[in-house]
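> The following block contains the structure, expressed as structure tokens.
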Amino acid sequence: MSSTGTVLMPSSTEEAVAAVASDPEITVIGGGTLVVPQHNVGGRAVDRALWLGRAGLDEVRNEAGTITLGAAVSLAACGGLPAPLGPCAANVGDGEVQAQATIGGNISAPAPYGDLRGPLLALEATVRVGGPDGVEDVAASSLFAGGWGGRLVLEISFAVPAGGSFVALQRHHTQALTAMGISAVRTAGGEVRLAATGAAPQARRLAAAEAVLADGGSGADAGEAALADIDPYDDVLASAAYRRRVMPALVRRAVDELGG
């Protein structure tokens, strides 16, 4: 493993995991689209950093209907993947950001970032992580709810859906953050899964809306039911009242775009 000052540059997954295991507080850098600007303006102190650009975590595999993405795969490389993940990745920032930012960095970032958590919840993705307790596979839902615990994201895997859609609420500007996003997935067995970002402090599944669809309800019915699933809040992107007002329409659109 080579280093430049206080930046470690592992040349393998094993070296990256070992670095995190020995120092769980180390700052991990994927594309650097959040950490580097924050550090440059003095908003974030970085004593030791771990850069993943040489760790071999940038591979995309599609094997037997399962897509596996290394944590250092760029959002630009994710843009062509099936919905909802592909369209969500293509909706983040502009081309410059997408070329640099990584999927591991995105899902590890705090709100209002972390857009890709919604699609991964709807896809029921599995995340491979490494840290003091070794390497393990964790359900994305469990990881997002319970926190990282000093672990490093290595890979994300999910089954290719039979159908998918993504609908976003955001300002009409390439650099605007997404105030709210709805991800919809149809499985090979016909199950519809829904997840939202920006509708609560953390990304979450829309269980009540899913139940309505399972019982034969419409997208409009599911949109109204989704209000029971959310915990809207005020921030600079949107008010809680506005989030609640537009949620039914966003869910309906996502379901309608999902098709039969």
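Letters for chains follow the order of the structure tokens (A, B, ...), residue numbers begin at 1 for each chain, and ligand numbers begin at 1 in the order shown.
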Each residue of range 62-149 of chain A lying at most 9 Å from range 156-159 of chain A should get a row with its shortest atom-to-atom pair and the distance in Å to one decimal, counting only C-alpha atoms; could you produce that, ordered by chain and increasing number, as a Markdown table?

```
| residue | atom | partner | partner_atom | distance |
| --- | --- | --- | --- | --- |
| A:Ala64 | CA | A:Ala159 | CA | 8.9 |
| A:Gly65 | CA | A:Ala159 | CA | 5.8 |
| A:Thr66 | CA | A:Ala159 | CA | 4.4 |
| A:Ile67 | CA | A:Ser157 | CA | 5.5 |
| A:Thr68 | CA | A:Ser157 | CA | 4.3 |
| A:Leu69 | CA | A:Ile156 | CA | 5.2 |
| A:Gly70 | CA | A:Ile156 | CA | 6.5 |
| A:Ala71 | CA | A:Ile156 | CA | 7.0 |
| A:Ile103 | CA | A:Ile156 | CA | 8.7 |
| A:Gly104 | CA | A:Ile156 | CA | 8.3 |
| A:Leu120 | CA | A:Phe158 | CA | 7.9 |
| A:Leu123 | CA | A:Phe158 | CA | 6.3 |
| A:Glu124 | CA | A:Phe158 | CA | 6.8 |
| A:Ala125 | CA | A:Phe158 | CA | 4.6 |
| A:Thr126 | CA | A:Ser157 | CA | 5.2 |
| A:Val127 | CA | A:Ile156 | CA | 4.5 |
| A:Arg128 | CA | A:Ile156 | CA | 6.3 |
| A:Ala140 | CA | A:Ile156 | CA | 8.6 |
```
> Excluding Met247 in chain A and any residue of its chain fewer than 4 positions from it, enumerate the residues within 12 Å of it, using only C-alpha atoms, and give them as a PyMOL selection string.
chain A and resi 167-169+179-182+195-200+206+209+219-232+240-243+251-254
> Report as a list in words all protein, DNA and RNA residues lying within 9 Å of Ala19 in chain A, evaluated on only C-alpha atoms, omitting residues in the same chain fewer than 5 positions from it.
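After dropping sequence-adjacent residues, the list is Leu8, Pro10, Glu14, Pro24, Ile26, Leu50 and Gly131 of chain A.
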> Which residue is closest to Arg61 in chain A? Choose from A:Val160, A:Arg48, A:Ser108, A:Glu136 and count only C-alpha atoms.
A:Val160
> Please identify all polymer residues within 9 Å of range 51-53 of chain A, counting only C-alpha atoms, omitting same-chain residues fewer than 2 positions from it, and present them as a ChimeraX atom specification.
/A:7-13,16,27-32,49,55-58,71-72
> Using only C-alpha atoms, pick whichever of A:Gln170, A:Gly118, A:Gly216, A:Gln98 has the shortest atom-to-atom distance to Val246 in chain A.
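So, comparing all the options, the nearest one is A:Gln170.
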> Report the residues of range 18-217 of chain A whose backbone DSSP state falls under helix (DSSP H, G or I), written as an NGL selection string.
:A and (18-22 or 35-40 or 75-78 or 85-90 or 95-100 or 103-108 or 117-122 or 140-146 or 207-214)
> Rounded to one decimal place, report the CA of Ser183 in chain A-CA of Gly149 in chain A distance in Å.
26.4 Å
> I need the residues in range 5-246 of chain A that are strand (DSSP E or B) according to DSSP; give them as number ranges by chain.
A: 7-9, 27-29, 49-51, 60-63, 66-70, 74, 102, 126-131, 134-139, 152-159, 163-170, 178-186, 192-197, 204-205
> Which one of A:Ala76, A:Val153, A:Leu258, A:Leu237 sits closest to Ile107 in chain A if you count only C-alpha atoms?
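Using only C-alpha atoms, Ile107 in chain A sits closest to A:Val153.
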> What separation in Å, quoted to one decimal, exists between CA of Ala162 in chain A and CA of Asp94 in chain A?
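Taking CA of Ala162 in chain A as the start and CA of Asp94 in chain A as the end point, the length is 28.2 Å.
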> Please determine, counting only C-alpha atoms, which residue among A:Glu191, A:Glu25, A:Glu96, A:Asp115 has the shortest atom-to-atom distance to Arg204 in chain A.
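For Arg204 in chain A, the nearest of the given residues is A:Asp115.
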> Please determine, counting only C-alpha atoms, which residue among A:Val135, A:Pro84, A:Ala203, A:Gly95 has the shortest atom-to-atom distance to Ser165 in chain A.
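Going through A:Val135, A:Pro84, A:Ala203, A:Gly95 one by one, the smallest distance to Ser165 in chain A is for A:Pro84.
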> Write out as a PyMOL selection string the residues lying within 9 Å of Leu75 in chain A, counting only C-alpha atoms and excluding same-chain residues fewer than 6 positions away.
chain A and resi 86+89-90+92+97-103+106
> Hey, can you spit out that residue selection with N, CA and C atoms as a short mmCIF file (atom, residue, chain, number, x, y, z; two decimals), in the first residue's frame?

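Saved file part_23.cif follows:
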```cif
data_model
loop_
_atom_site.label_atom_id
_atom_site.label_comp_id
_atom_site.auth_asym_id
_atom_site.auth_seq_id
_atom_site.Cartn_x
_atom_site.Cartn_y
_atom_site.Cartn_z
N GLY A 86 -30.59 3.14 -12.71
CA GLY A 86 -29.97 3.91 -13.78
C GLY A 86 -30.49 5.33 -13.88
N ALA A 89 -29.32 7.47 -10.90
CA ALA A 89 -27.92 7.88 -11.00
C ALA A 89 -27.74 8.99 -12.02
N ALA A 90 -28.47 8.91 -13.14
CA ALA A 90 -28.38 9.94 -14.18
C ALA A 90 -29.01 11.25 -13.75
N VAL A 92 -28.49 12.60 -10.71
CA VAL A 92 -27.65 13.23 -9.67
C VAL A 92 -26.71 14.25 -10.29
N VAL A 97 -20.20 15.80 -12.17
CA VAL A 97 -20.39 15.12 -10.88
C VAL A 97 -20.54 13.62 -11.10
N GLN A 98 -21.37 13.23 -12.07
CA GLN A 98 -21.62 11.81 -12.32
C GLN A 98 -20.34 11.08 -12.73
N ALA A 99 -19.45 11.75 -13.46
CA ALA A 99 -18.21 11.11 -13.88
C ALA A 99 -17.27 10.85 -12.71
N GLN A 100 -17.39 11.64 -11.66
CA GLN A 100 -16.47 11.55 -10.54
C GLN A 100 -17.07 10.80 -9.34
N ALA A 101 -18.32 11.05 -9.04
CA ALA A 101 -18.95 10.45 -7.85
C ALA A 101 -19.10 8.94 -8.01
N THR A 102 -19.07 8.22 -6.90
CA THR A 102 -19.18 6.76 -6.91
C THR A 102 -20.44 6.30 -6.20
N ILE A 103 -20.88 5.09 -6.53
CA ILE A 103 -22.08 4.57 -5.90
C ILE A 103 -21.85 4.32 -4.41
N ASN A 106 -22.05 7.65 -2.70
CA ASN A 106 -23.40 8.19 -2.68
C ASN A 106 -24.23 7.57 -1.57
#
```
> Any idea what's packed within 10 Å of Trp148 in chain A, counting only C-alpha atoms, ignoring anything in its chain fewer than 3 positions away? Could you give it as a PDB file with C-alpha atoms, in the first residue's frame?

```pdb
ATOM      1  CA  SER A 108     -22.722   6.406   2.390  1.00  0.00           C
ATOM      2  CA  VAL A 129     -18.987  -4.523   3.546  1.00  0.00           C
ATOM      3  CA  GLY A 130     -15.627  -4.983   5.239  1.00  0.00           C
ATOM      4  CA  GLY A 131     -14.250  -3.781   8.541  1.00  0.00           C
ATOM      5  CA  SER A 142     -30.531  -3.309   7.420  1.00  0.00           C
ATOM      6  CA  LEU A 143     -27.398  -1.341   6.602  1.00  0.00           C
ATOM      7  CA  PHE A 144     -29.222   1.904   5.889  1.00  0.00           C
ATOM      8  CA  ALA A 145     -31.294   1.605   9.063  1.00  0.00           C
ATOM      9  CA  ARG A 151     -17.413  -0.701   7.773  1.00  0.00           C
ATOM     10  CA  LEU A 152     -16.358  -0.036   4.182  1.00  0.00           C
ATOM     11  CA  VAL A 153     -18.723  -0.604   1.240  1.00  0.00           C
TER      12      VAL A 153
END
```
> Work out how far apart CA of Val185 in chain A and CA of Ser141 in chain A are and give it in Å to one decimal.
15.2 Å
> As a list in words, please: the residues near Gly190 in chain A (cut-off 10 Å, only C-alpha atoms, same-chain neighbours under 6 positions excluded).
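Near neighbours after the sequence-gap exclusion: Pro161, Ala162, Gly163, Ala214 and Gly260 of chain A.
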> With C-alpha atoms kept, could you save the residues just selected as a tab-separated table (two decimals), in the first residue's frame?

```
chain	number	residue	atom	x	y	z
A	161	PRO	CA	-35.98	-6.38	-12.12
A	162	ALA	CA	-38.72	-7.22	-14.60
A	163	GLY	CA	-39.55	-3.52	-14.65
A	214	ALA	CA	-50.90	-6.08	-3.96
A	260	GLY	CA	-48.16	-3.78	-16.27
```
